[in-house]
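To keep things clear, I will list the structure first and then write my remarks on it.
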Amino acid sequence: MTALDHRPLTNPETIPEHVTRINEAKTPTGPGRPGASTAHITASTAHLSVEDVERIGAELEAIREQVMSSLGEADARYIRRVIRTQRGCEIAGRILLLGALFPPALVAGTASLAVAKILENMEIGHNVLHGQWDWMRDPEIHSTTWEWDHVSTASSWQQTHNYLHHTYTNVHNKDRDIGYNVLRVDPDQPWHPTYLFQTITNLGLALIFEYGIAAFDLELDQVQRGEKTWAEKMPEIKVMLRKAGKQALKDYVVFPALSGPSFVPALVGGLLANTIRNVWSHAVIFCGHFPVEVETFDEERLENESQAEWYVRQMLGSANIEGSPLLHIMTGNLSHQIEHHLFPDMPSNHYARIAPQVRDLCRRYGLPYHAGPMWKQYGGVLWKIARLSFPGGHETIAKRQRKALPVGRKAAATLRRLRERALPHAA
Amino acid sequence: MIAGVLGRATRALTTPLLPDDYLAFVNPLWSLRTPRARVVATRPVGPATTELTLRTGVAWRGHRPGQHVGLGVDLGGRRHWRTYSITSAPTDEHLTVSVTAVVDGSVSTHLARIARPGDLLGLGPAAGGFTADGPLLMISGGSGITPMLGLLRGGAVADAVLVHSGRGGHVHADDLADLPATVHRHDSTGGHLRPADLDDLVPDWRSRTMLVCGPAGMLDAFSTAATDAGVPCVVERFRPPEPVATGTGGTVTFTTSGVVATADAVTPLLRAGEDAGALLPSGCRMGICHTCVGRLSAGAVRNLHTGELETADEGDVIVRTCVSAAAGDCVVDL
């Protein structure tokens with residue numbers, strides 16, 4: 001299947017130049033011939049020339065450079081303050097839960113612990129493991145030394161998330177995050193009767209998200225496909241089980257035991273805090289890539305993909321959540337998923353500042369910039385999961401995606417080119 | 001054994017963090033893992049030199065007289081490490097070092113002029129073996145006095161003569177009189193101290209072991225004189241000799257860190273790796289302490305002191321990343 005099926009591009013002369021370059025490896029005789037891959041052209045990028053894409057890349061590089069060269073003491077203070085706040089919340093939550101027989105202590109302790117766990121996983125753990133704070137050279141806040149309050153081990157997470165998901169974002173058969181092997185979140189995933197119940201599967205996944213991710217990070221599907229044997233997987237499984245055991249022991253045995261007569265309510269508090277964290281991170285992460293308008297891509301697109309084309313794919317394949325600064329911190333700034341996917345190793349406190357620049361860039365180049373309030377984004381995700389539990393869905397989803405495209409983008413592109421030709425230095 | 005059980009029990013409470021992370025949360029000096037120091041006093045001891053008195057954290061393992069220590073300073077959010085001679089005795093309550101503000105030296109300038117009581121510093125392990133037995137002749141120039149102070153105050157020396165040369169206002173001028181040694185002062189405004197001056201100042205110098213610390217010219221002159229006279233001589237360098245540079249550098253891959261850095265032919269691998277975000281072991285940063293060593297598994301590096309080329313196919317090649325630069329692309333297991 002090629003993207004050409006979906007759009008009225010009939011004249012081979014209008015195929016942008018980079019098609020030629022991408023296809024050189026496959027078909028060295030020129031563009032527009034049978035067998036040429038056009039997988040990288042989607043409805044949302046058809047109006048861009050190869051120069052446009054390169055210019056987008058250059059502008060994004062400039063934004064990145066501007067931020068990375070500005071990093072300094074204020075940033076170091078920021079992450080240390082977040083870590084201090086998180087540890088303070090954790091200690092407060094644990095102490096309050098010691099007296100969990102007293103209902104207000106149970107509520108406040110659970111809330112405090114849930115906030116601590118969310119901060120730890122999202123604004124601290126996820127971002128530190130991306131190496132966002134490695135530039136400080138502080139061995140205690142470094143991607144190579146950090147371990148987080150999550151069942152998935154730091155190293156296992158770095159492989160499936162930092163490498164596979166961030167490099168091959170939303171590419172079928174490459175980015176395993178598409179549906180996490182249990183959900184059909186894209187019409188291009190073949191339907192299977194088990195998907196009929198995926199609304200319930202999804203609810204269950206949200207409740208135990210931490211364990212779901214850990215199991216997913218083990219890449220057990222490699223065993224199913226015969227790429228690896230159970231014996232080869234065993235060491236990894238053992239490490240993860242040991243970590244899960246320690247976490248469970250701490251939350252469900254040791255701390256409740258310390259609470260003495262409050263054992264049961266303290267256990268409930270720990271369980272609730274973990275569940276709140278699970279449901280919240282599930283919602284945030286699903287809002288990042290699964291809203292209806294977000295695009296997925298075919299493997300062919302990766303062939304000879306340039307850095308600029310990679311940037312464009314990241315923007316088309318991610319979605320932001322709009323909200324208050326508090327929401328941004330509680331999502332670990334993954335509410336700026338687009339900016340995070342463009343610059344995964346940029347300290348997260350800068351995403352909010354560059355978001356308007358990225359949005360403006362998308363507007364100027366007629367690219368969609370998927371953003372919306374949480375209820376809208378998450379509602380869209382849940383609707384899509386419900387729709388795709390039944391076969392098909394191509395047309396419905398494609399219609400929603402078309403509607404999300406900026407209006408008059410071809411006209412805008414032409415106008416911009418005319419303007420740039422008149423003022424060659426303005427760009 | 002009780003401590004072990006207790007350790008395991010508290011670790012069960014803090015997993016995946018360590019109890020230490022919470023100790024350090026309350027007071028950074030309580031960390032059992034990471035030595036840190038807090039500045040408790042500063043005192044000017046020379047025209048551009050400040051003595052810092054440091055309270056050491058629990059993780060500090062002490063030092064021997066004559067050793068030096070790395071101090072970590074956060075500037076612009078980034079941690080920088082520099083090495084200074086310890087001037088206090090191992091038995092003293094506090095650790096002291098003296099820092100001379102070097103022109104263009106951001107870390108030394110910060111420590112000498114900006115650091116205030118209450119500031120927190122990173123602290124490396126003590127390292128170095130600048131010492132000798134028997135009767136000693138100590139020759140120091142400028143801030144080269146600091147390891148001599150450490151040796152003399154540390155009580156490791158029974159019979160010593162100190163010849164200290166400085167320009168006008170001596171570094172640690174007020175402290176020289178209290179030292180358990182015969183002290184000769186030399187004013188270098190009228191000319192450098194020369195080995196020939198020794199015959200007048202210390203007639204029996206040929207029967208002493210020579211310890212020298214000071215500017216590069218002084219080190220060279222006196223170590224040559226010592227060799228000529230057949231006198232044992234130990235030198236302490238504050239700065240590595242001028243790098244020997246040839247070639248074009250290359251990319252350096254740090255396998256354990258998973259970092260790839262580009263480095264020219266004069267940048268130590270350590271610097272290149274750190275600038276690329278790798279967390280590498282380091283100590284003195286001038287080729288002395290061997291804290292920074294790593295196995296060279298591919299490619300070649302050039303020793304910045306000697307200009308010697310070390311290549312991975314020579315077998316198990318261990319390189320000091322602080323004094324080695326890339327000679328083409330190379331791979332280091334760090």
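The way I read the labels, and the way they are meant: chains A, B, ... in the order of the structure tokens, residue 1 as the first residue of every chain, and ligand 1 as the first ligand shown, with later ones counted on from there.
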message: So that I can see what lies close to Cys292 (chain B), please list as a PyMOL selection string the residues with an atom at most 8 Å from it, counting only C-alpha atoms and leaving out residues fewer than 3 positions away in the same chain.
response: chain B and resi 270+280-283+285+289+320-322
Selection file, C-alpha atoms, as a PDB file, in the first residue's frame:
```pdb
ATOM      1  CA  LEU B 270      38.232  12.248  29.651  1.00  0.00           C
ATOM      2  CA  LEU B 280      33.661   8.764  33.621  1.00  0.00           C
ATOM      3  CA  PRO B 281      35.862   7.958  36.583  1.00  0.00           C
ATOM      4  CA  SER B 282      38.421  10.657  37.255  1.00  0.00           C
ATOM      5  CA  GLY B 283      40.842  11.707  39.929  1.00  0.00           C
ATOM      6  CA  ARG B 285      43.203  14.666  35.918  1.00  0.00           C
ATOM      7  CA  CYS B 289      46.427   8.707  40.262  1.00  0.00           C
ATOM      8  CA  ARG B 320      44.728   6.965  31.423  1.00  0.00           C
ATOM      9  CA  THR B 321      41.928   8.929  29.805  1.00  0.00           C
ATOM     10  CA  CYS B 322      43.012  12.212  31.409  1.00  0.00           C
TER      11      CYS B 322
END
```
field: region 191-195 of chain B environment, 8 Å, only C-alpha atoms, sequence neighbours closer than 2 positions dropped, as JSON, numbers by chain
entry: {"B": [165, 186, 187, 188, 189, 197, 198, 218, 221, 222, 225]}
Keeping only C-alpha atoms, write the selected residues to a file as a PDB file, in the first residue's frame.
```pdb
ATOM      1  CA  SER B 165      60.846  30.740  46.753  1.00  0.00           C
ATOM      2  CA  HIS B 186      64.027  33.194  48.708  1.00  0.00           C
ATOM      3  CA  ASP B 187      62.600  36.225  46.938  1.00  0.00           C
ATOM      4  CA  SER B 188      62.315  35.432  43.264  1.00  0.00           C
ATOM      5  CA  THR B 189      61.694  39.045  42.200  1.00  0.00           C
ATOM      6  CA  ASP B 197      72.163  28.537  45.463  1.00  0.00           C
ATOM      7  CA  LEU B 198      71.793  25.303  47.414  1.00  0.00           C
ATOM      8  CA  MET B 218      61.925  24.914  38.711  1.00  0.00           C
ATOM      9  CA  ALA B 221      66.173  22.615  36.913  1.00  0.00           C
ATOM     10  CA  PHE B 222      66.231  20.898  40.282  1.00  0.00           C
ATOM     11  CA  ALA B 225      70.634  18.960  39.370  1.00  0.00           C
TER      12      ALA B 225
END
```
query: Using only C-alpha atoms, which of A:Trp133, A:Trp383, A:Tyr195, A:Tyr365 sits nearest chain B?
result: A:Trp133
message: Tell me as a PyMOL selection string which residues belonging to chain B come within 8 Å of chain A, counting only C-alpha atoms.
response: chain B and resi 12-17+22+25+75-79+257+274-279
- request: Give me every helix (DSSP H, G or I) residue in region 156-262 of chain B, going by DSSP on the backbone, as number ranges by chain.
  value: B: 173-176, 188-190, 195-201, 205-207, 216-229
Dump of N, CA and C atoms for the selected residues, as a compact mmCIF listing (two decimals), in the first residue's frame:
```
# COMPACT_ATOMS: atom_id res chain seq x y z
N ALA B 173 52.92 32.91 53.93
CA ALA B 173 54.08 33.52 54.60
C ALA B 173 54.00 33.39 56.12
N ASP B 174 52.78 33.59 56.66
CA ASP B 174 52.66 33.58 58.13
C ASP B 174 52.78 32.18 58.70
N ASP B 175 52.57 31.18 57.87
CA ASP B 175 52.56 29.81 58.39
C ASP B 175 53.94 29.15 58.37
N LEU B 176 54.88 29.79 57.62
CA LEU B 176 56.18 29.12 57.45
C LEU B 176 56.94 28.99 58.76
N SER B 188 62.01 35.68 44.68
CA SER B 188 62.31 35.43 43.26
C SER B 188 62.14 36.69 42.42
N THR B 189 61.78 37.83 43.03
CA THR B 189 61.69 39.04 42.20
C THR B 189 63.08 39.40 41.66
N GLY B 190 64.13 39.06 42.42
CA GLY B 190 65.48 39.36 41.97
C GLY B 190 66.08 38.26 41.10
N PRO B 195 69.73 25.88 41.37
CA PRO B 195 70.35 24.78 42.11
C PRO B 195 71.68 25.19 42.73
N ALA B 196 72.38 26.15 42.05
CA ALA B 196 73.68 26.58 42.57
C ALA B 196 73.57 27.27 43.92
N ASP B 197 72.35 27.86 44.18
CA ASP B 197 72.16 28.54 45.46
C ASP B 197 72.17 27.56 46.63
N LEU B 198 71.96 26.28 46.34
CA LEU B 198 71.79 25.30 47.41
C LEU B 198 73.05 25.16 48.27
N ASP B 199 74.21 25.26 47.62
CA ASP B 199 75.45 25.06 48.37
C ASP B 199 75.57 26.05 49.53
N ASP B 200 75.12 27.31 49.29
CA ASP B 200 75.14 28.32 50.36
C ASP B 200 74.06 28.06 51.40
N LEU B 201 72.83 27.80 50.89
CA LEU B 201 71.69 27.70 51.79
C LEU B 201 71.70 26.42 52.62
N TRP B 205 73.09 19.46 51.33
CA TRP B 205 71.93 19.05 50.52
C TRP B 205 72.15 17.75 49.78
N ARG B 206 73.44 17.40 49.53
CA ARG B 206 73.69 16.16 48.77
C ARG B 206 73.36 14.91 49.58
N SER B 207 73.22 15.07 50.90
CA SER B 207 72.90 13.90 51.72
C SER B 207 71.40 13.81 52.02
N ALA B 216 57.07 24.70 36.34
CA ALA B 216 57.70 23.67 35.51
C ALA B 216 59.21 23.88 35.38
N GLY B 217 59.62 25.16 35.23
CA GLY B 217 61.04 25.46 35.07
C GLY B 217 61.85 25.03 36.29
N MET B 218 61.27 25.28 37.46
CA MET B 218 61.93 24.91 38.71
C MET B 218 62.06 23.39 38.83
N LEU B 219 60.98 22.69 38.49
CA LEU B 219 60.99 21.23 38.57
C LEU B 219 62.10 20.66 37.70
N ASP B 220 62.18 21.20 36.46
CA ASP B 220 63.18 20.69 35.53
C ASP B 220 64.59 20.96 36.04
N ALA B 221 64.83 22.23 36.49
CA ALA B 221 66.17 22.61 36.91
C ALA B 221 66.65 21.76 38.09
N PHE B 222 65.78 21.60 39.08
CA PHE B 222 66.23 20.90 40.28
C PHE B 222 66.28 19.38 40.10
N SER B 223 65.35 18.85 39.29
CA SER B 223 65.44 17.40 39.11
C SER B 223 66.68 17.04 38.31
N THR B 224 67.09 17.93 37.37
CA THR B 224 68.32 17.69 36.63
C THR B 224 69.53 17.75 37.57
N ALA B 225 69.53 18.80 38.42
CA ALA B 225 70.63 18.96 39.37
C ALA B 225 70.74 17.75 40.29
N ALA B 226 69.58 17.25 40.73
CA ALA B 226 69.56 16.09 41.62
C ALA B 226 70.13 14.87 40.93
N THR B 227 69.72 14.67 39.67
CA THR B 227 70.23 13.53 38.91
C THR B 227 71.74 13.63 38.76
N ASP B 228 72.22 14.87 38.42
CA ASP B 228 73.66 15.07 38.25
C ASP B 228 74.43 14.77 39.53
N ALA B 229 73.83 15.15 40.68
CA ALA B 229 74.51 14.96 41.95
C ALA B 229 74.27 13.57 42.53
```
query: Hey, what does DSSP flag as strand (DSSP E) within region 15-222 of chain B? Can you give it to me as an NGL selection string?
result: :B and (36-44 or 49-56 or 68-75 or 78-85 or 95-100 or 120-123 or 136-141 or 160-166 or 182-187 or 209-213)
- request: May I have the residues within 9 Å of Glu90 (chain A) as a list in words, using only C-alpha atoms and disregarding those fewer than 3 positions away in the same chain?
  value: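 Here the qualifying residues turn out to be Thr85, Gln86, Arg87, Gly93, Arg94, Ile95, Gly109, Ser112, Leu113, Ala114, Val115, Ala116 and Lys117 of chain A.
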- request: Please provide the set of residues having any atom within 9 Å of region 30-36 of chain B, restricted to only C-alpha atoms, with same-chain residues fewer than 6 positions apart removed, written as a ChimeraX atom specification.
  value: /B:20-24,55-61,71-72,120-125
Can those selected residues be exported to a file as a short mmCIF file (atom, residue, chain, number, x, y, z; two decimals), in the first residue's frame so that it contains C-alpha atoms?
```
data_model
loop_
_atom_site.label_atom_id
_atom_site.label_comp_id
_atom_site.auth_asym_id
_atom_site.auth_seq_id
_atom_site.Cartn_x
_atom_site.Cartn_y
_atom_site.Cartn_z
CA ASP B 20 21.80 6.96 51.42
CA ASP B 21 19.69 9.04 49.05
CA TYR B 22 17.48 10.01 51.97
CA LEU B 23 20.43 10.64 54.32
CA ALA B 24 21.86 12.99 51.70
CA ARG B 55 34.19 19.91 56.92
CA THR B 56 34.30 16.50 55.31
CA GLY B 57 31.31 14.20 54.92
CA VAL B 58 30.90 10.76 56.44
CA ALA B 59 32.18 9.06 53.29
CA TRP B 60 35.60 10.74 53.45
CA ARG B 61 38.22 8.05 53.99
CA LEU B 71 37.26 19.17 44.60
CA GLY B 72 34.05 19.26 42.55
CA LEU B 120 28.98 22.48 49.29
CA LEU B 121 31.74 20.88 47.23
CA GLY B 122 32.26 17.48 45.67
CA LEU B 123 35.15 15.60 47.23
CA GLY B 124 37.26 12.96 45.53
CA PRO B 125 39.33 10.34 47.29
#
```
query: Which residues, written as a VMD selection string, have at least one atom at most 8 Å from Gly270 (chain A), with only C-alpha atoms counted and residues fewer than 2 positions away on the same chain left out?
result: chain A and resid 110 113 251 to 252 266 to 268 272 to 274
Residues from last step as file, C-alpha atoms, as a CSV table (one decimal), in the first residue's frame:
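Saved result, again_30.csv, follows:
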```csv
chain,number,residue,atom,x,y,z
A,110,THR,CA,-2.3,8.2,49.7
A,113,LEU,CA,2.4,9.1,47.9
A,251,ASP,CA,4.6,-1.1,49.3
A,252,TYR,CA,2.5,-4.0,50.4
A,266,ALA,CA,-1.8,1.3,54.9
A,267,LEU,CA,-1.7,-1.5,52.4
A,268,VAL,CA,-4.8,-0.1,50.7
A,272,LEU,CA,-4.3,3.1,45.7
A,273,ALA,CA,-1.2,5.3,45.2
A,274,ASN,CA,0.3,2.8,42.8
```
query: Could you pull the residues within 10 Å of Ala327 (chain B), counting only C-alpha atoms, minus those fewer than 3 positions along the same chain, as a list of chain:residue names?
result: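 Contacts, with the query itself left out: B:Ala245, B:Thr246, B:Gly247, B:Thr248, B:Gly249, B:Gly250, B:Thr251, B:Val252, B:Ala263, B:Asp264, B:Ala265, B:Val266, B:Gly299, B:Ala300, B:Val301, B:Arg302, B:Asn303, B:Leu309, B:Glu310, B:Thr311, B:Ser324, B:Cys330.
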message: Would you pick out the contacts of Ser156 (chain A) at 7 Å or less, using only C-alpha atoms, so that residues sharing its chain but fewer than 4 positions from it are not included, and give the list as a list in words?
response: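 Skipping anything fewer than 4 positions along the chain leaves Ser152, Thr160 and Asp217 of chain A.
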